[in-house]
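K.L.:
Here you go, one structure.
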Amino acid sequence: MGRSAGLIALGLIVVAAAGADRVGVLFAAFSYYLSGKTGVDWFSRSGALMGLVGAAVTFRLAHFYQRALATALKEGLVSLPREIELGLEPPKSYVLLSYFGYLTGIVGTGIWGYGDLLVGLIS
């Protein structure tokens with residue numbers, strides 16, 4: 001994979017990961033609305049999906065980042081000391097997206113466990 005192809009792939013992964021997290025949050029909001037209208041507990045189920053999306057996004061992002069670092073080292077685009085530095089201090093966009101993935105998973109787990117109580121409490 002060339003340098004420009006690697007950068008394009010990294011950009012696509014970041015956009016897809018951010019989009020997946022947003023879809024999880026929007027689905028939770030929509031299911032909260034449905035829970036209130038239908039009386040069926042869709043909100044807790046959306047929490048399970050949010051937890052899954054948060055975990056999937058975080059693991060995929062970490063896998064892609066490590067693979068991109070390994071490819072850059074093999075192709076001579078980065079030196080070993082620079083790869084170690086990038087491994088220890090990843091770019092801010094990677095860190096921010098990772099934290100957003102963690103947060104999505106944590107909030108999703110809370111909704112999954114207590115969503116039925118939240119709908120009853122707020123309604």
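We name chains A, B, ... following the order of the structure tokens; residues begin at 1 in each chain, and ligands are numbered from 1 as shown.
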Excluding A:Leu86 and residues on its chain fewer than 2 positions from it, collect all residues at most 12 Å away from it, counting only C-alpha atoms, and give them as a PyMOL selection string.
P.N.:
chain A and resi 65-66+68-70+72-73+78-84+88-92+94-95
K.L.:
Given the choices A:Gly110, A:Gly36, A:Gly54, A:Gly120, which gets closest to A:Leu97 if the distance is worked out from only C-alpha atoms?
P.N.:
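Counting only C-alpha atoms, the residue closest to A:Leu97 is A:Gly54.
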K.L.:
With only C-alpha atoms as the basis for distance, which of A:Thr58, A:Thr71, A:Ser93, A:Ser35 is at the shortest distance from A:Gly105?
P.N.:
A:Thr58
K.L.:
Do you have the atom CA of A:Val107-atom CA of A:Gly39 distance handy?
P.N.:
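Taking atom CA of A:Val107 as the start and atom CA of A:Gly39 as the end point, the length is 22.2 Å.
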